[in-house]
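Undergrad: Dropping in work_2.csv, with CSV, C-alpha atoms.
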```
chain,number,residue,atom,x,y,z
A,156,MET,CA,98.3,78.5,86.5
A,157,SER,CA,96.0,79.1,83.6
A,158,ALA,CA,92.7,78.4,81.9
A,159,ARG,CA,92.7,74.9,80.5
A,160,PRO,CA,90.6,73.6,77.6
A,161,ILE,CA,87.3,72.1,78.8
A,162,LEU,CA,87.4,68.5,77.7
A,163,LEU,CA,84.7,67.2,75.5
A,164,TYR,CA,83.2,63.8,75.5
A,165,PRO,CA,84.5,61.2,74.3
A,166,ASP,CA,87.6,62.2,76.3
A,167,PRO,CA,88.0,59.3,78.7
A,168,SER,CA,88.5,61.6,81.7
A,169,LEU,CA,84.8,62.4,81.6
A,170,LYS,CA,83.9,58.8,82.3
A,171,ALA,CA,86.7,58.0,84.8
A,172,LYS,CA,86.4,57.6,88.6
A,173,THR,CA,88.1,60.3,90.7
A,174,ALA,CA,90.2,60.1,93.8
A,175,ARG,CA,89.6,61.9,97.0
A,176,VAL,CA,92.2,64.6,97.8
A,177,SER,CA,93.8,65.8,100.9
A,178,PRO,CA,93.9,69.6,101.4
A,179,THR,CA,97.5,69.2,102.4
A,180,ASN,CA,98.4,67.8,99.0
A,181,PRO,CA,100.6,70.4,97.4
A,182,ASP,CA,99.0,69.8,94.0
A,183,VAL,CA,95.6,70.8,95.1
A,184,ALA,CA,96.1,74.5,95.1
A,185,ALA,CA,97.4,74.5,91.5
A,186,ILE,CA,94.5,72.4,90.3
A,187,VAL,CA,92.0,74.7,92.1
A,188,GLN,CA,93.6,77.7,90.5
A,189,ASP,CA,93.5,76.2,87.1
A,190,MET,CA,89.8,75.3,87.6
A,191,LEU,CA,89.0,78.9,88.7
A,192,ASP,CA,90.9,80.3,85.7
A,193,THR,CA,89.1,77.9,83.4
A,194,LEU,CA,85.7,78.8,84.9
A,195,LYS,CA,86.4,82.5,84.5
A,196,ALA,CA,87.2,82.0,80.8
A,197,SER,CA,84.2,79.8,80.2
A,198,PRO,CA,80.5,80.7,79.7
A,199,GLY,CA,79.5,78.4,82.5
A,200,VAL,CA,78.9,78.7,86.3
A,201,ALA,CA,80.6,75.5,87.5
A,202,LEU,CA,83.3,73.0,86.8
A,203,ALA,CA,84.4,69.6,88.0
A,204,ALA,CA,88.1,68.6,87.9
A,205,PRO,CA,87.7,65.8,85.4
A,206,GLN,CA,86.5,68.5,82.9
A,207,ILE,CA,90.1,69.7,82.8
A,208,GLY,CA,91.6,66.2,82.9
A,209,GLN,CA,92.2,66.1,86.7
A,210,LEU,CA,90.8,62.9,88.1
A,211,VAL,CA,90.3,64.2,91.6
A,212,GLN,CA,87.3,65.2,93.7
A,213,ILE,CA,87.2,68.9,93.3
A,214,ILE,CA,84.4,71.2,92.1
A,215,VAL,CA,84.1,74.9,91.7
A,216,VAL,CA,80.6,76.5,91.6
A,217,ASP,CA,79.8,80.2,91.2
A,218,VAL,CA,76.2,80.7,90.2
A,219,SER,CA,76.6,84.5,90.7
A,220,ARG,CA,78.2,84.4,87.2
A,221,LYS,CA,74.7,84.0,85.9
A,222,LYS,CA,72.6,87.1,85.8
A,223,GLY,CA,70.0,87.1,88.6
A,224,GLU,CA,71.6,84.3,90.6
A,225,GLN,CA,73.3,84.7,93.9
A,226,GLY,CA,73.5,81.4,95.7
A,227,HIS,CA,76.6,81.2,97.9
A,228,GLY,CA,78.8,83.0,95.4
A,229,LEU,CA,82.1,81.2,94.6
A,230,VAL,CA,82.4,77.8,96.3
A,231,VAL,CA,85.3,75.5,96.0
A,232,LEU,CA,84.7,72.0,97.5
A,233,LEU,CA,87.1,69.1,97.9
A,234,ASN,CA,85.6,65.6,98.3
A,235,PRO,CA,82.1,66.8,98.1
A,236,ARG,CA,79.1,64.6,98.7
A,237,ILE,CA,75.4,65.1,98.8
A,238,LEU,CA,73.9,64.5,102.2
A,239,GLN,CA,70.3,65.1,101.3
A,240,GLN,CA,68.1,66.3,98.5
A,241,ASP,CA,64.4,66.7,97.9
A,242,GLY,CA,61.9,68.3,95.6
A,243,PRO,CA,62.2,66.2,92.4
A,244,ARG,CA,61.8,68.1,89.2
A,245,ILE,CA,62.5,67.5,85.5
A,246,ILE,CA,64.7,70.1,83.9
A,247,ARG,CA,66.3,70.4,80.5
A,248,GLU,CA,70.0,70.1,81.1
A,249,GLY,CA,73.1,70.5,79.0
A,250,CYS,CA,76.8,70.3,79.7
A,251,LEU,CA,79.9,72.2,78.4
A,252,SER,CA,81.5,68.9,77.8
A,253,VAL,CA,78.7,67.6,75.6
A,254,PRO,CA,78.0,70.5,73.2
A,255,ASP,CA,74.9,70.9,71.2
A,256,TYR,CA,72.6,68.6,73.1
A,257,THR,CA,70.3,68.9,76.0
A,258,GLY,CA,68.0,66.4,77.6
A,259,ASN,CA,65.3,66.1,80.2
A,260,VAL,CA,66.8,64.9,83.5
A,261,LEU,CA,65.5,64.3,87.0
A,262,ARG,CA,67.0,66.7,89.5
A,263,TYR,CA,66.1,68.0,92.9
A,264,GLU,CA,65.1,71.5,94.0
A,265,ARG,CA,67.1,71.5,97.2
A,266,THR,CA,70.3,69.8,98.1
A,267,ILE,CA,72.6,69.7,101.1
A,268,VAL,CA,76.3,69.3,100.1
A,269,GLN,CA,79.2,68.7,102.4
A,270,GLY,CA,82.9,68.9,101.6
A,271,LEU,CA,86.1,70.5,102.5
A,272,SER,CA,87.3,74.0,101.7
A,273,PRO,CA,90.8,74.2,100.1
A,274,ASP,CA,92.1,75.0,103.6
A,275,GLY,CA,90.6,71.8,104.9
A,276,LEU,CA,87.7,73.2,106.8
A,277,PRO,CA,84.5,71.2,106.7
A,278,ILE,CA,81.7,73.0,104.8
A,279,THR,CA,78.0,72.2,104.7
A,280,LEU,CA,75.9,74.1,102.2
A,281,VAL,CA,72.1,74.2,101.8
A,282,ALA,CA,71.5,75.0,98.1
A,283,SER,CA,68.2,75.5,96.2
A,284,GLY,CA,67.1,76.1,92.7
A,285,PHE,CA,69.7,76.8,90.1
A,286,GLU,CA,72.6,76.4,92.6
A,287,ALA,CA,71.3,73.0,93.8
A,288,LEU,CA,71.2,71.9,90.1
A,289,ALA,CA,74.7,73.0,89.6
A,290,PHE,CA,76.0,71.0,92.6
A,291,GLN,CA,74.1,67.9,91.5
A,292,HIS,CA,75.6,68.2,87.9
A,293,GLU,CA,79.2,68.8,89.1
A,294,LEU,CA,79.1,65.9,91.7
A,295,ASP,CA,77.9,63.6,88.9
A,296,HIS,CA,81.1,64.5,87.0
A,297,LEU,CA,83.2,63.2,89.9
A,298,ASP,CA,81.5,59.8,89.4
A,299,GLY,CA,82.0,59.8,85.7
A,300,THR,CA,78.3,60.4,85.2
A,301,LEU,CA,77.1,62.7,82.4
A,302,PHE,CA,73.6,64.1,82.0
A,303,LEU,CA,73.3,61.6,79.2
A,304,ASP,CA,73.3,58.8,81.8
A,305,ARG,CA,70.3,60.4,83.5
A,306,ILE,CA,68.0,61.3,80.6
A,307,GLU,CA,64.5,60.6,81.6
A,308,SER,CA,62.9,60.6,78.2
A,309,LEU,CA,64.2,61.4,74.7
A,310,SER,CA,61.1,63.3,74.0
A,311,THR,CA,58.1,64.5,75.9
A,312,ASP,CA,56.7,61.0,75.9
A,313,LEU,CA,56.0,60.6,79.6
A,314,TYR,CA,53.1,58.3,79.1
A,315,ARG,CA,54.9,55.1,79.6
A,316,ARG,CA,56.6,56.3,82.7
A,317,LYS,CA,55.3,54.5,85.8
A,318,ARG,CA,56.6,55.8,89.0
B,836,MET,CA,78.6,66.6,49.2
B,837,ASN,CA,76.6,64.2,51.5
B,838,ARG,CA,73.2,63.1,50.4
B,839,TYR,CA,70.5,62.3,52.9
B,840,ALA,CA,67.1,60.5,52.9
B,841,MET,CA,64.2,60.3,55.3
B,842,LEU,CA,62.9,56.9,55.7
B,843,THR,CA,59.6,56.2,57.4
B,844,ALA,CA,58.5,52.7,58.3
B,845,PHE,CA,55.4,51.3,60.0
B,846,GLY,CA,53.7,48.0,60.5
B,847,GLN,CA,52.3,45.7,63.1
B,848,ASP,CA,54.7,45.8,66.0
B,849,ARG,CA,56.8,42.7,66.9
B,850,PRO,CA,60.3,42.1,68.1
B,851,GLY,CA,63.1,42.4,65.6
B,852,ILE,CA,61.8,45.3,63.4
B,853,VAL,CA,64.6,47.7,64.4
B,854,ALA,CA,67.2,45.1,64.0
B,855,ALA,CA,66.0,44.1,60.5
B,856,LEU,CA,65.8,47.8,59.4
B,857,ALA,CA,69.2,48.7,60.9
B,858,GLU,CA,70.9,45.6,59.4
B,859,GLY,CA,69.4,46.4,56.0
B,860,LEU,CA,70.5,50.0,56.1
B,861,PHE,CA,74.0,48.9,57.2
B,862,GLN,CA,74.4,46.4,54.5
B,863,LEU,CA,73.4,48.9,51.9
B,864,GLY,CA,76.0,51.3,53.1
B,865,CYS,CA,73.6,53.8,54.7
B,866,ASN,CA,74.6,55.6,57.9
B,867,ILE,CA,71.9,56.1,60.4
B,868,GLU,CA,71.9,59.8,61.5
B,869,ASP,CA,69.0,60.7,63.8
B,870,THR,CA,66.0,58.5,64.6
B,871,CYS,CA,62.7,58.7,66.2
B,872,MET,CA,60.7,55.5,66.9
B,873,THR,CA,57.6,54.8,68.9
B,874,ARG,CA,54.6,52.6,69.0
B,875,LEU,CA,51.2,53.9,68.3
B,876,ARG,CA,49.0,51.3,70.0
B,877,GLY,CA,49.9,48.1,68.2
B,878,GLU,CA,51.6,49.8,65.3
B,879,PHE,CA,55.4,50.2,65.1
B,880,THR,CA,56.3,53.6,63.6
B,881,MET,CA,59.8,54.9,62.9
B,882,MET,CA,61.4,57.8,61.1
B,883,VAL,CA,65.1,57.6,60.3
B,884,MET,CA,67.3,60.2,58.7
B,885,VAL,CA,70.1,58.3,56.8
B,886,ARG,CA,73.2,59.4,54.9
B,887,LEU,CA,73.1,57.7,51.6
B,888,PRO,CA,76.2,56.0,50.1
B,889,ASP,CA,77.5,57.0,46.7
B,890,GLY,CA,75.4,55.5,43.9
B,891,LEU,CA,72.3,54.9,45.9
B,892,SER,CA,69.3,57.2,45.5
B,893,ALA,CA,66.5,57.6,48.1
B,894,ASP,CA,64.1,56.0,45.6
B,895,GLN,CA,66.3,52.9,45.2
B,896,LEU,CA,66.7,52.6,49.0
B,897,ALA,CA,63.1,51.6,49.7
B,898,SER,CA,63.2,48.8,47.1
B,899,ARG,CA,66.6,47.6,48.1
B,900,LEU,CA,65.4,47.3,51.7
B,901,THR,CA,62.4,45.1,50.7
B,902,PRO,CA,64.2,41.8,51.2
B,903,HIS,CA,64.8,42.9,54.8
B,904,THR,CA,61.4,44.4,55.5
B,905,SER,CA,58.9,42.3,53.5
B,906,PRO,CA,59.0,39.3,56.0
B,907,LEU,CA,57.9,41.9,58.6
B,908,GLU,CA,55.2,43.3,56.4
B,909,LEU,CA,56.5,46.8,56.9
B,910,THR,CA,55.4,49.8,54.9
B,911,VAL,CA,58.6,51.7,54.0
B,912,LEU,CA,58.8,55.1,52.3
B,913,CYS,CA,61.9,57.1,51.4
B,914,ARG,CA,62.5,60.6,50.2
B,915,GLU,CA,65.7,62.6,49.7
B,916,VAL,CA,66.2,65.4,52.3
B,917,PRO,CA,68.0,68.6,51.3
B,918,ALA,CA,71.5,68.5,52.8
B,919,GLN,CA,71.1,71.9,54.4
B,920,ALA,CA,68.2,70.5,56.4
B,921,ALA,CA,70.1,67.3,57.3
B,922,GLU,CA,73.5,68.6,58.2
B,923,ARG,CA,74.1,69.1,61.9
B,924,GLY,CA,74.2,72.6,63.1
B,925,SER,CA,74.0,74.1,66.6
B,926,GLU,CA,70.7,75.7,67.2
B,927,PRO,CA,70.4,78.8,69.3
B,928,ASP,CA,68.9,78.3,72.7
B,929,MET,CA,65.3,79.3,72.7
B,930,PRO,CA,62.8,79.4,75.5
B,931,ILE,CA,61.0,76.0,75.7
B,932,PHE,CA,57.5,75.6,77.1
B,933,MET,CA,55.6,72.4,77.9
B,934,LEU,CA,51.9,72.4,77.1
B,935,SER,CA,49.7,69.7,78.6
B,936,VAL,CA,46.1,69.5,77.4
B,937,TYR,CA,43.6,66.9,78.5
B,938,GLY,CA,39.8,66.6,78.5
B,939,ALA,CA,36.9,64.5,77.3
B,940,ASP,CA,37.7,63.3,73.8
B,941,HIS,CA,36.1,65.0,70.9
B,942,PRO,CA,37.2,66.1,67.5
B,943,GLY,CA,39.0,69.4,67.1
B,944,ILE,CA,41.1,69.7,70.2
B,945,VAL,CA,44.4,69.3,68.4
B,946,ALA,CA,43.4,71.6,65.6
B,947,GLN,CA,42.3,74.5,67.8
B,948,ILE,CA,45.2,74.2,70.2
B,949,ALA,CA,47.8,74.0,67.4
B,950,ARG,CA,46.3,77.0,65.6
B,951,VAL,CA,46.5,79.2,68.7
B,952,VAL,CA,50.1,78.1,69.2
B,953,ALA,CA,51.0,78.9,65.6
B,954,ASP,CA,49.2,82.2,65.6
B,955,HIS,CA,51.4,83.3,68.5
B,956,GLY,CA,54.6,82.4,66.8
B,957,GLY,CA,55.1,79.2,68.8
B,958,ASN,CA,56.9,76.3,67.1
B,959,ILE,CA,55.7,72.8,68.1
B,960,THR,CA,58.9,70.8,68.3
B,961,ASP,CA,57.6,67.6,69.9
B,962,MET,CA,54.1,66.2,70.2
B,963,ASN,CA,52.5,63.2,71.8
B,964,THR,CA,48.8,62.6,72.0
B,965,ARG,CA,47.0,59.6,73.5
B,966,VAL,CA,43.5,58.6,74.3
B,967,ILE,CA,43.3,57.3,77.8
B,968,GLY,CA,40.5,56.7,80.4
B,969,ALA,CA,37.7,54.2,80.6
B,970,GLY,CA,36.3,52.8,77.4
B,971,ASP,CA,33.0,54.7,77.7
B,972,GLN,CA,34.6,57.9,78.9
B,973,PRO,CA,37.6,58.4,76.7
B,974,VAL,CA,40.0,61.2,77.8
B,975,TYR,CA,42.2,62.9,75.3
B,976,THR,CA,45.7,63.8,76.4
B,977,MET,CA,48.3,65.8,74.5
B,978,ILE,CA,51.7,66.9,75.5
B,979,LEU,CA,53.5,69.5,73.4
B,980,GLU,CA,56.9,71.0,73.5
B,981,VAL,CA,56.7,74.5,72.1
B,982,GLN,CA,59.7,76.7,71.2
B,983,MET,CA,59.0,80.4,71.5
B,984,PRO,CA,61.4,82.2,69.2
B,985,ALA,CA,62.6,85.8,69.9
B,986,GLY,CA,59.8,88.2,69.3
B,987,SER,CA,57.0,85.8,70.1
B,988,GLN,CA,54.9,86.3,73.2
B,989,PRO,CA,54.6,83.4,75.6
B,990,GLU,CA,52.4,85.3,78.1
B,991,ALA,CA,49.9,86.1,75.3
B,992,LEU,CA,49.9,82.5,74.2
B,993,GLY,CA,49.3,81.3,77.7
B,994,GLN,CA,46.3,83.7,78.0
B,995,ALA,CA,44.9,82.6,74.6
B,996,LEU,CA,45.2,79.0,75.6
B,997,ASP,CA,43.3,79.7,78.9
B,998,HIS,CA,40.5,81.3,76.9
B,999,LEU,CA,40.1,78.1,74.9
B,1000,LYS,CA,39.5,75.9,78.0
B,1001,PRO,CA,35.8,76.4,78.4
B,1002,SER,CA,34.8,76.2,74.7
B,1003,LEU,CA,37.1,73.1,74.2
B,1004,GLY,CA,36.1,71.6,77.5
B,1005,VAL,CA,39.8,70.8,78.4
B,1006,ASP,CA,42.2,71.5,81.2
B,1007,LEU,CA,45.6,72.6,80.3
B,1008,THR,CA,48.9,74.0,81.7
B,1009,PHE,CA,51.4,76.0,79.7
B,1010,ARG,CA,54.7,76.3,81.6
B,1011,PRO,CA,58.3,77.1,80.9
B,1012,LEU,CA,60.8,74.2,80.9
B,1013,GLU,CA,63.9,75.4,82.7
B,1014,GLN,CA,67.0,74.9,80.7
B,1015,VAL,CA,70.4,74.9,82.3
B,1016,ARG,CA,73.8,74.2,81.0
B,1017,PHE,CA,76.7,73.5,83.3
```
Could the structure of this file be written out as structure tokens, please?
TA:
Amino acid sequence: MSARPILLYPDPSLKAKTARVSPTNPDVAAIVQDMLDTLKASPGVALAAPQIGQLVQIIVVDVSRKKGEQGHGLVVLLNPRILQQDGPRIIREGCLSVPDYTGNVLRYERTIVQGLSPDGLPITLVASGFEALAFQHELDHLDGTLFLDRIESLSTDLYRRKR
Amino acid sequence: MNRYAMLTAFGQDRPGIVAALAEGLFQLGCNIEDTCMTRLRGEFTMMVMVRLPDGLSADQLASRLTPHTSPLELTVLCREVPAQAAERGSEPDMPIFMLSVYGADHPGIVAQIARVVADHGGNITDMNTRVIGAGDQPVYTMILEVQMPAGSQPEALGQALDHLKPSLGVDLTFRPLEQVRF
């Protein structure tokens, strides 16, 4: 049980597909603990299991680590999925696994996420703002999607965009 | 120590320009670092920062590229860039603002807006302008990305920009771009 290094692209774990997990799987608790320890030691507010090399569907989010943010506090979700999202907005996003670069990506202001707690209880969360962005970013990691895959424009050139 | 050059190229747009330039640079042993390319109306325009191979100067680069670029009638210019400007370094996160300006086209919009931004310590880090609208009523549009370094005053800049609206005859919005890192 300890903080792990956060993997950096091009580590293949960051582009891999992940497996669903069962809360009864004895490995889950150890992975969750490593993720919590790693999060605590990092400057970030959220982590997905592939970022520490575990190809399973687990995320940890705690936006209260950022000053002025509250959200739902610490959330650990197994097999999370997004049920619904609305309020599209462009934000400048970066990732601990892709240092020194940020890009403009399309995200949503509100998102409803469903998953299981480590005890196996179903959880549905309605998140908005910064916390909603964190969930969207971490769920992407479980699909091997990085913000680089979502960049809307390399610069501010929005003129050619037709939506 | 690495040596770098900035190469700019422009000419009438057509398919194959990027391929020809990139092949020429590759064959000369240059490594493409960062690139910015767009089309201004019918004109292809590109800026490329390249790492030069040993024995090739920035001045030689343009002429050595000629066999690749002359069939495309490209204008190509090269200058050496100081290594300290070209080496990759991590930049501190700075508040970023987006500024959209649009209104009936007339001379002076860019000059006055950019002056106000500069006088408030803002650094324009990206800029696109375009004339749009019907032919007899051209509308000028400009989108700027502005970094506001520590010590600069975004609120004061926002107010100063608002004051420009009536005299310039433009509409504008100046808004922070939220930056998040997960």
Undergrad: As an exercise, work out the distance from atom CA of Leu238 of chain A to atom CA of Asp295 of chain A in Å and give it to one decimal place.
TA: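 Going from atom CA of Leu238 of chain A over to atom CA of Asp295 of chain A, I get 13.9 Å.
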Undergrad: What is the distance between atom CA of Gln212 of chain A and atom CA of Asn234 of chain A, in Å to one decimal?
TA: 4.9 Å
Undergrad: Using all atoms listed in the file, which residue out of A:Lys195, A:Lys170, A:Arg244, A:Arg236 lies closest to chain B?
TA: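 Checking each candidate against chain B, we get A:Arg244 as the closest.
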Undergrad: Distance atom CA of Val231 of chain A-atom CA of Ala158 of chain A, one decimal place?
TA: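 Interatomic distance here is 16.2 Å.
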Undergrad: Please, which residues of chain A lie no more than 9 Å from chain B when the count uses all atoms listed in the file, and can they be set out as a list in words?
TA: Pro198, Gly199, Val200, Ala201, Leu202, Ile245, Ile246, Arg247, Glu248, Gly249, Cys250, Leu251, Ser252, Pro254, Asp255, Tyr256, Thr257, Asn259, Phe285, Leu288, Ala289, His292, Glu293, Ser310, Thr311, Asp312, Leu313 and Tyr314 of chain A
Undergrad: Find, counting only C-alpha atoms, the residue in A:Arg265, A:Lys222, A:His296, A:Arg159 that gets nearest to Leu210 of chain A.
TA: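 Closest to Leu210 of chain A of all the choices is A:His296.
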Undergrad: Please list as number ranges by chain every residue within 9 Å of Thr279 of chain A, counting only C-alpha atoms and excluding residues in the same chain fewer than 5 positions away.
TA: A: 267-271
Undergrad: Do a neighbour search on Ala184 of chain A at 12 Å with only C-alpha atoms, toss out local chain neighbours closer than 6 positions, and write the hits as a list in words.
TA: Met156, Val176, Ser177, Pro178, Met190, Leu191, Ile213, Val231, Leu232, Leu233, Ser272, Pro273, Asp274 and Gly275 of chain A
Undergrad: Have a look at B:Gly890, B:Gly851, B:Gly957, B:Gly859 and name the one nearest to Pro984 of chain B; count all atoms listed in the file.
TA: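 Under the stated criterion, the closest residue is B:Gly957.
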Undergrad: Which residues are near Lys172 of chain A? Cut-off 12 Å, all atoms listed in the file, ignore same chain within fewer than 3 positions. Put them as number ranges by chain.
TA: A: 167-169, 175, 204-205, 208-212, 294-300
Undergrad: Please, can segment 881-892 of chain B be completed to N, CA, C and O atoms and returned as a PDB file, in the frame of the given file?
TA:
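Result written to rebuild33.pdb:
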```pdb
ATOM      1  N   MET B 881      58.393  54.455  62.743  1.00  0.00           N
ATOM      2  CA  MET B 881      59.800  54.900  62.900  1.00  0.00           C
ATOM      3  C   MET B 881      60.097  55.905  61.755  1.00  0.00           C
ATOM      4  O   MET B 881      59.631  55.766  60.629  1.00  0.00           O
ATOM      5  N   MET B 882      60.873  56.908  62.115  1.00  0.00           N
ATOM      6  CA  MET B 882      61.400  57.800  61.100  1.00  0.00           C
ATOM      7  C   MET B 882      62.938  57.843  61.311  1.00  0.00           C
ATOM      8  O   MET B 882      63.421  58.004  62.435  1.00  0.00           O
ATOM      9  N   VAL B 883      63.647  57.646  60.225  1.00  0.00           N
ATOM     10  CA  VAL B 883      65.100  57.600  60.300  1.00  0.00           C
ATOM     11  C   VAL B 883      65.670  58.543  59.236  1.00  0.00           C
ATOM     12  O   VAL B 883      65.281  58.474  58.071  1.00  0.00           O
ATOM     13  N   MET B 884      66.596  59.383  59.667  1.00  0.00           N
ATOM     14  CA  MET B 884      67.300  60.200  58.700  1.00  0.00           C
ATOM     15  C   MET B 884      68.637  59.400  58.414  1.00  0.00           C
ATOM     16  O   MET B 884      69.367  59.068  59.345  1.00  0.00           O
ATOM     17  N   VAL B 885      68.873  59.070  57.147  1.00  0.00           N
ATOM     18  CA  VAL B 885      70.100  58.300  56.800  1.00  0.00           C
ATOM     19  C   VAL B 885      70.943  59.081  55.836  1.00  0.00           C
ATOM     20  O   VAL B 885      70.444  59.878  55.040  1.00  0.00           O
ATOM     21  N   ARG B 886      72.241  58.851  55.938  1.00  0.00           N
ATOM     22  CA  ARG B 886      73.200  59.400  54.900  1.00  0.00           C
ATOM     23  C   ARG B 886      73.354  58.304  53.887  1.00  0.00           C
ATOM     24  O   ARG B 886      73.669  57.155  54.211  1.00  0.00           O
ATOM     25  N   LEU B 887      73.123  58.686  52.652  1.00  0.00           N
ATOM     26  CA  LEU B 887      73.100  57.700  51.600  1.00  0.00           C
ATOM     27  C   LEU B 887      74.561  57.462  51.070  1.00  0.00           C
ATOM     28  O   LEU B 887      75.362  58.397  50.999  1.00  0.00           O
ATOM     29  N   PRO B 888      74.870  56.216  50.718  1.00  0.00           N
ATOM     30  CA  PRO B 888      76.200  56.000  50.100  1.00  0.00           C
ATOM     31  C   PRO B 888      76.176  56.443  48.656  1.00  0.00           C
ATOM     32  O   PRO B 888      75.116  56.622  48.058  1.00  0.00           O
ATOM     33  N   ASP B 889      77.370  56.625  48.111  1.00  0.00           N
ATOM     34  CA  ASP B 889      77.500  57.000  46.700  1.00  0.00           C
ATOM     35  C   ASP B 889      76.743  55.942  45.855  1.00  0.00           C
ATOM     36  O   ASP B 889      76.870  54.747  46.091  1.00  0.00           O
ATOM     37  N   GLY B 890      76.014  56.411  44.887  1.00  0.00           N
ATOM     38  CA  GLY B 890      75.400  55.500  43.900  1.00  0.00           C
ATOM     39  C   GLY B 890      74.067  54.937  44.359  1.00  0.00           C
ATOM     40  O   GLY B 890      73.469  54.126  43.647  1.00  0.00           O
ATOM     41  N   LEU B 891      73.567  55.330  45.512  1.00  0.00           N
ATOM     42  CA  LEU B 891      72.300  54.900  45.900  1.00  0.00           C
ATOM     43  C   LEU B 891      71.340  56.067  46.103  1.00  0.00           C
ATOM     44  O   LEU B 891      71.663  56.995  46.844  1.00  0.00           O
ATOM     45  N   SER B 892      70.222  56.045  45.405  1.00  0.00           N
ATOM     46  CA  SER B 892      69.300  57.200  45.500  1.00  0.00           C
ATOM     47  C   SER B 892      68.251  56.818  46.595  1.00  0.00           C
ATOM     48  O   SER B 892      68.073  55.659  46.975  1.00  0.00           O
TER      49      SER B 892
END
```
